[in-house]
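Shown here: my_file_37.cif, mmCIF, C-alpha atoms.
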```cif
data_query
loop_
_atom_site.label_atom_id
_atom_site.label_comp_id
_atom_site.auth_asym_id
_atom_site.auth_seq_id
_atom_site.Cartn_x
_atom_site.Cartn_y
_atom_site.Cartn_z
CA MET A 1 52.83 66.96 -17.91
CA PRO A 2 52.34 70.28 -16.11
CA GLU A 3 52.02 69.97 -12.33
CA TRP A 4 48.52 71.43 -12.27
CA ASN A 5 47.30 68.83 -14.78
CA ARG A 6 48.54 65.76 -12.95
CA PRO A 7 45.78 63.49 -11.60
CA LEU A 8 45.05 63.90 -7.91
CA MET A 9 43.56 60.41 -7.76
CA ALA A 10 43.35 57.27 -9.85
CA ALA A 11 40.87 57.07 -12.70
CA THR A 12 37.32 56.45 -11.47
CA PRO A 13 33.83 56.51 -12.96
CA LEU A 14 33.73 60.12 -11.78
CA ALA A 15 36.40 61.11 -14.32
CA SER A 16 33.90 62.35 -16.89
CA LEU A 17 32.10 64.43 -14.27
CA LEU A 18 35.38 65.92 -13.08
CA LYS A 19 36.31 66.74 -16.67
CA ARG A 20 32.95 68.47 -17.11
CA ASP A 21 33.53 70.55 -13.98
CA ARG A 22 36.99 71.55 -15.20
CA ILE A 23 35.44 72.71 -18.47
CA ILE A 24 32.95 74.82 -16.52
CA VAL A 25 35.74 76.41 -14.47
CA VAL A 26 37.86 77.14 -17.55
CA ALA A 27 34.87 78.61 -19.36
CA SER A 28 34.04 80.81 -16.38
CA LEU A 29 37.60 82.13 -16.16
CA ALA A 30 37.62 82.75 -19.91
CA ILE A 31 34.37 84.71 -19.71
CA ILE A 32 35.72 86.85 -16.85
CA THR A 33 38.88 87.57 -18.85
CA LEU A 34 37.00 88.38 -22.06
CA LEU A 35 34.59 90.73 -20.29
CA ALA A 36 37.52 92.55 -18.69
CA TRP A 37 39.25 92.89 -22.05
CA PHE A 38 36.06 94.12 -23.71
CA TYR A 39 35.84 96.84 -21.07
CA LEU A 40 39.47 97.82 -21.68
CA TRP A 41 38.95 97.87 -25.44
CA THR A 42 35.96 100.17 -24.97
CA LEU A 43 37.98 102.55 -22.79
CA ALA A 44 40.90 102.55 -25.22
CA SER A 45 38.58 103.28 -28.13
CA GLN A 46 37.03 106.19 -26.26
CA MET A 47 40.46 107.57 -25.39
CA ASN A 48 41.69 107.30 -28.97
CA GLY A 49 38.53 108.96 -30.23
CA SER A 50 39.00 111.78 -27.75
CA ASP A 51 42.62 112.17 -28.86
CA SER A 52 41.65 112.41 -32.54
CA HIS A 53 38.98 114.99 -31.77
CA SER A 54 41.48 117.03 -29.76
CA VAL A 55 44.02 116.94 -32.57
CA GLN A 56 41.44 118.11 -35.12
CA SER A 57 40.29 120.87 -32.81
CA GLY A 58 43.86 121.93 -32.16
CA SER A 59 44.66 122.05 -35.87
CA SER A 60 41.71 124.31 -36.62
CA MET A 61 42.54 126.54 -33.66
CA GLN A 62 46.13 127.08 -34.79
CA ASP A 63 44.81 129.55 -37.37
CA MET A 64 43.22 131.64 -34.63
CA PRO A 65 45.33 134.39 -33.03
CA GLY A 66 46.66 133.59 -29.59
CA MET A 67 46.09 129.81 -29.75
CA ALA A 68 49.19 127.76 -28.81
CA MET A 69 50.30 124.27 -29.82
CA PRO A 70 49.31 122.55 -26.52
CA ALA A 71 45.71 122.71 -27.74
CA MET A 72 46.63 119.79 -30.00
CA MET A 73 47.00 117.51 -26.99
CA PRO A 74 44.12 116.26 -24.84
CA GLY A 75 44.41 117.68 -21.35
CA PHE A 76 44.43 115.79 -18.06
CA SER A 77 41.08 115.34 -16.40
CA ARG A 78 40.72 117.00 -13.05
CA TRP A 79 41.15 114.54 -10.19
CA THR A 80 37.72 114.70 -8.65
CA LEU A 81 36.33 111.84 -6.59
CA SER A 82 34.41 110.51 -9.60
CA HIS A 83 37.50 110.67 -11.83
CA ALA A 84 39.59 108.87 -9.22
CA ALA A 85 36.89 106.18 -9.00
CA SER A 86 36.87 105.75 -12.78
CA GLN A 87 40.66 105.41 -12.88
CA PHE A 88 40.56 102.88 -10.06
CA ALA A 89 37.91 100.91 -11.96
CA MET A 90 40.12 100.98 -15.04
CA TRP A 91 43.10 99.58 -13.12
CA ALA A 92 41.01 96.99 -11.27
CA VAL A 93 39.45 95.62 -14.45
CA MET A 94 42.84 95.67 -16.15
CA MET A 95 44.34 93.54 -13.37
CA VAL A 96 41.45 91.07 -13.64
CA GLY A 97 41.95 90.80 -17.40
CA MET A 98 45.71 90.35 -17.12
CA MET A 99 45.95 88.05 -14.09
CA THR A 100 42.94 85.74 -14.31
CA PRO A 101 44.55 83.51 -16.99
CA SER A 102 47.67 82.98 -14.87
CA VAL A 103 45.72 81.82 -11.80
CA ALA A 104 43.70 79.28 -13.80
CA PRO A 105 45.97 76.28 -12.95
CA VAL A 106 45.50 76.78 -9.19
CA VAL A 107 41.76 77.34 -9.54
CA LEU A 108 41.50 74.12 -11.57
CA ILE A 109 43.29 72.17 -8.83
CA TYR A 110 41.00 73.72 -6.23
CA ALA A 111 37.92 72.85 -8.30
CA ARG A 112 38.97 69.21 -8.50
CA VAL A 113 39.53 68.99 -4.75
CA ALA A 114 36.21 70.72 -4.06
CA ASP A 115 34.42 68.37 -6.44
CA GLN A 116 35.86 65.30 -4.75
CA ALA A 117 34.84 66.66 -1.36
CA ALA A 118 31.31 67.23 -2.64
CA ARG A 119 31.12 63.64 -3.94
CA GLN A 120 32.04 62.47 -0.43
CA GLU A 121 29.33 64.72 1.01
CA LYS A 122 31.87 66.98 2.71
CA GLU A 123 31.37 70.73 2.91
CA PHE A 124 33.86 72.66 0.83
CA ALA A 125 33.85 76.27 -0.35
CA PRO A 126 33.43 76.68 -4.13
CA PRO A 127 36.57 77.72 -6.09
CA MET A 128 35.00 81.15 -6.63
CA TRP A 129 36.08 82.13 -3.11
CA PHE A 130 39.71 81.27 -3.79
CA LEU A 131 39.56 83.40 -6.94
CA ILE A 132 37.97 86.26 -5.00
CA GLY A 133 40.82 86.18 -2.48
CA TYR A 134 43.37 86.20 -5.30
CA LEU A 135 41.75 89.09 -7.18
CA LEU A 136 41.29 91.04 -3.94
CA VAL A 137 45.07 91.39 -3.73
CA TRP A 138 45.21 92.73 -7.29
CA THR A 139 42.33 95.07 -6.57
CA LEU A 140 44.36 96.56 -3.72
CA PHE A 141 47.27 96.87 -6.14
CA ALA A 142 44.91 98.71 -8.51
CA LEU A 143 44.31 101.22 -5.71
CA LEU A 144 48.07 101.73 -5.37
CA ALA A 145 48.44 102.04 -9.15
CA THR A 146 45.73 104.72 -9.22
CA ALA A 147 47.54 106.71 -6.54
CA THR A 148 50.81 106.29 -8.46
CA GLN A 149 49.17 107.56 -11.63
CA TRP A 150 47.95 110.64 -9.77
CA GLY A 151 51.45 111.31 -8.44
CA LEU A 152 53.09 110.84 -11.84
CA GLU A 153 50.61 113.21 -13.46
CA ARG A 154 51.33 115.86 -10.85
CA ALA A 155 55.06 115.37 -11.42
CA ALA A 156 54.55 115.76 -15.20
CA LEU A 157 56.04 112.30 -15.82
CA LEU A 158 53.03 111.14 -17.84
CA THR A 159 51.51 112.59 -20.97
CA PRO A 160 47.74 113.16 -21.11
CA MET A 161 47.55 109.84 -22.98
CA LEU A 162 49.10 108.14 -19.90
CA VAL A 163 52.41 107.39 -21.62
CA GLY A 164 55.83 108.08 -20.09
CA ALA A 165 56.63 111.75 -20.68
CA ASN A 166 60.39 111.43 -21.25
CA HIS A 167 63.11 108.94 -22.09
CA TYR A 168 64.73 109.11 -18.66
CA PHE A 169 61.56 108.15 -16.83
CA GLY A 170 60.71 105.30 -19.21
CA GLY A 171 64.29 104.09 -19.36
CA GLY A 172 64.60 104.17 -15.59
CA LEU A 173 61.50 102.04 -15.16
CA LEU A 174 62.80 99.52 -17.70
CA LEU A 175 66.12 99.29 -15.87
CA LEU A 176 64.39 98.75 -12.52
CA ALA A 177 62.12 96.10 -14.01
CA GLY A 178 65.10 94.36 -15.63
CA LEU A 179 67.03 94.27 -12.37
CA TYR A 180 64.00 92.98 -10.47
CA GLN A 181 63.57 90.11 -12.92
CA TRP A 182 66.96 88.84 -11.72
CA SER A 183 66.38 89.51 -8.01
CA PRO A 184 66.10 86.81 -5.30
CA LEU A 185 62.63 88.07 -4.33
CA LYS A 186 61.38 87.58 -7.88
CA GLU A 187 62.84 84.07 -7.86
CA VAL A 188 61.15 83.10 -4.58
CA CYS A 189 57.75 84.42 -5.65
CA LEU A 190 58.01 82.82 -9.09
CA VAL A 191 58.80 79.42 -7.59
CA HIS A 192 55.57 79.58 -5.56
CA CYS A 193 53.60 80.67 -8.63
CA ARG A 194 55.04 77.92 -10.82
CA SER A 195 54.36 75.12 -8.30
CA PRO A 196 50.71 75.45 -7.25
CA ILE A 197 50.49 72.02 -5.59
CA ALA A 198 53.67 72.67 -3.59
CA PHE A 199 52.28 76.09 -2.64
CA VAL A 200 49.01 74.59 -1.39
CA GLN A 201 50.80 71.87 0.57
CA ALA A 202 53.20 74.39 2.11
CA HIS A 203 50.27 76.45 3.39
CA GLY A 204 48.21 73.69 4.93
CA GLY A 205 46.21 72.56 1.91
CA PHE A 206 42.94 73.88 0.57
CA LYS A 207 40.52 75.14 3.19
CA ALA A 208 36.98 73.86 3.41
CA GLY A 209 35.50 77.12 4.70
CA ILE A 210 34.92 80.36 2.83
CA ARG A 211 37.24 82.41 5.06
CA GLY A 212 40.11 79.94 4.70
CA SER A 213 39.60 79.76 0.95
CA ILE A 214 39.69 83.53 0.57
CA LEU A 215 42.81 83.80 2.73
CA LEU A 216 44.61 81.10 0.76
CA GLY A 217 43.67 82.83 -2.49
CA ALA A 218 44.94 86.12 -1.12
CA ARG A 219 48.20 84.49 -0.06
CA HIS A 220 48.70 83.11 -3.54
CA GLY A 221 47.83 86.54 -4.93
CA ALA A 222 50.50 88.09 -2.71
CA TYR A 223 53.17 85.81 -4.18
CA CYS A 224 51.87 86.61 -7.65
CA LEU A 225 52.03 90.32 -6.87
CA GLY A 226 55.60 89.94 -5.65
CA CYS A 227 56.40 88.20 -8.91
CA CYS A 228 54.77 90.67 -11.30
CA TRP A 229 54.45 94.15 -9.77
CA MET A 230 57.42 95.64 -11.62
CA LEU A 231 56.09 94.29 -14.91
CA MET A 232 52.85 96.13 -14.21
CA ALA A 233 54.84 99.32 -13.59
CA LEU A 234 55.98 99.10 -17.21
CA LEU A 235 52.46 100.10 -18.24
CA PHE A 236 53.58 103.65 -17.45
CA VAL A 237 56.26 103.38 -20.14
CA ALA A 238 54.34 102.58 -23.34
CA GLY A 239 50.88 103.59 -22.19
CA VAL A 240 48.44 102.50 -19.52
CA MET A 241 45.77 102.00 -22.20
CA ASN A 242 48.04 100.58 -24.90
CA LEU A 243 46.23 97.28 -25.49
CA ALA A 244 49.15 95.70 -27.37
CA TRP A 245 51.48 96.52 -24.48
CA ILE A 246 48.96 95.18 -21.93
CA ALA A 247 48.61 91.96 -23.91
CA ALA A 248 52.39 91.55 -24.19
CA ILE A 249 52.83 91.85 -20.42
CA MET A 250 49.95 89.42 -19.82
CA VAL A 251 51.52 86.84 -22.14
CA LEU A 252 54.92 87.27 -20.46
CA VAL A 253 53.37 86.75 -17.02
CA LEU A 254 51.59 83.62 -18.27
CA LEU A 255 54.75 82.19 -19.85
CA GLU A 256 56.76 82.82 -16.70
CA LYS A 257 54.27 80.80 -14.70
CA ILE A 258 53.36 77.86 -16.93
CA ALA A 259 56.02 77.48 -19.64
CA PRO A 260 58.62 74.69 -19.11
CA TYR A 261 61.46 77.22 -18.95
CA GLY A 262 59.47 80.03 -17.38
CA ARG A 263 62.21 81.03 -14.94
CA TRP A 264 64.65 81.55 -17.81
CA ILE A 265 62.00 83.39 -19.79
CA ALA A 266 61.72 85.80 -16.84
CA LYS A 267 65.48 86.34 -16.81
CA LEU A 268 65.60 86.76 -20.58
CA ALA A 269 62.84 89.36 -20.35
CA GLY A 270 64.82 91.08 -17.62
CA GLY A 271 67.89 91.23 -19.83
CA GLY A 272 65.79 92.68 -22.64
CA ALA A 273 64.37 95.32 -20.30
CA LEU A 274 67.90 96.32 -19.22
CA VAL A 275 69.03 96.74 -22.82
CA ALA A 276 65.88 98.66 -23.75
CA GLY A 277 66.18 100.89 -20.71
CA ALA A 278 69.81 101.73 -21.39
CA TRP A 279 69.04 102.47 -25.03
CA MET A 280 66.09 104.71 -24.11
CA ILE A 281 68.16 106.74 -21.64
CA ALA A 282 71.01 107.07 -24.14
CA ALA A 283 68.56 108.21 -26.82
CA GLY A 284 67.18 110.85 -24.47
#
```
Let me see whether you can do it: turn the structure in this file into structure tokens.
Amino acid sequence: MPEWNRPLMAATPLASLLKRDRIIVVASLAIITLLAWFYLWTLASQMNGSDSHSVQSGSSMQDMPGMAMPAMMPGFSRWTLSHAASQFAMWAVMMVGMMTPSVAPVVLIYARVADQAARQEKEFAPPMWFLIGYLLVWTLFALLATATQWGLERAALLTPMLVGANHYFGGGLLLLAGLYQWSPLKEVCLVHCRSPIAFVQAHGGFKAGIRGSILLGARHGAYCLGCCWMLMALLFVAGVMNLAWIAAIMVLVLLEKIAPYGRWIAKLAGGGALVAGAWMIAAG
């Protein structure tokens, strides 16, 4: 039985109520994830529609004197404050959609502890605050990802469709990600992510107050970030708005954290990234 699903206390008449509360928490996390994915799907559809329109416009303009082939590709948007804000929103929602499923086991444990505290008439912050602390870390990462996107665009390492612009760049990222999957830092962070009860116990247990709950969630988010940040960097290889690629990374992150052999899945994925990176560079 997975660690997060082990009973924290013996069976009691409250079991049905606790089960109901777990269903509410799972449903809430599912709704958050689905809303985030709907937003991403909408953005991807708009981008693909813009790309098709640009290609059609470029094809008709080829017959006009003086019009060059680059007209066939959609151009980069100018990095105004509003554009930067929209890109940050894209990254932030993407992180919510990708990482909320993987934090569900810890939130479920928190919800059970909070429910027991409430039954004993003890004050305890709702699990929402733990989740806020966790997602706050990934929101800060979204800010870093936005700045990275800006830098890569200026360096001409991304296409206007936010895909890696050449084999060397994409292959290099795959090699770095593959090496990181085998690194000691990845191993340490993954151990914390795979053992939520041990993580909570190692950091003083769940906190009753809002501030302590947010801080504990942020600490767990930091370990999760240390575990997954190079996987997120791979979005710059196949496309930041490639929904299939986003989903594949999300599933890999989830398997690393909850599957029985998640640590070996991480290493296997690292080996695959090394092979793919070497092949991409050789093909370039």
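Coordinates place atom CA of A:Ile132 at a distance of 6.4 Å from atom CA of A:Ile214.
Taken over the shown file, the PyMOL selection byres ((chain A and resi 177) around 7) identifies Leu173, Leu174, Leu175, Leu176, Gly178, Leu179, Tyr180, Gln181, Met230, Leu231, Gly270 and Ala273 of chain A.
You will find atom CA of A:Ala27 at 23.4 Å from atom CA of A:Met90.
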Problem set entry | Within-12 Å shell of (37.8, 84.1, -5.9) in input frame, all atoms listed in the file, as a PyMOL selection string | chain A and resi 25+28-29+32+96+100+103-104+106-107+110-111+125-139+210-221
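The coordinates place atom CA of A:Gly209 at 27.2 Å from atom CA of A:Lys257.
Every residue that the PyMOL selection byres ((chain A and resi 242) around 10) selects in this file is listed here: Leu40, Trp41, Ala44, Met161, Leu162, Val163, Leu235, Phe236, Val237, Ala238, Gly239, Val240, Met241, Leu243, Ala244, Trp245, Ile246 and Ala247 of chain A.
For the residues A:Ala84, A:Leu234, A:Met95, A:Ile109, ranking by smallest atom-to-atom distance to A:Thr146 using all atoms listed in the file places A:Ala84 first.
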For this session: Choose the residue, out of A:Gly172, A:Ala233, A:Val26, A:Leu143, that has the smallest atom-to-atom separation from A:Ala282; count all atoms listed in the file.
Result: A:Gly172
For this session: Given the file shown, determine the residues that the PyMOL selection byres ((chain A and resi 253) around 9) selects; report them as an NGL selection string.
Result: :A and (98-99 or 102 or 227-228 or 231 or 248-252 or 254-258 or 266)
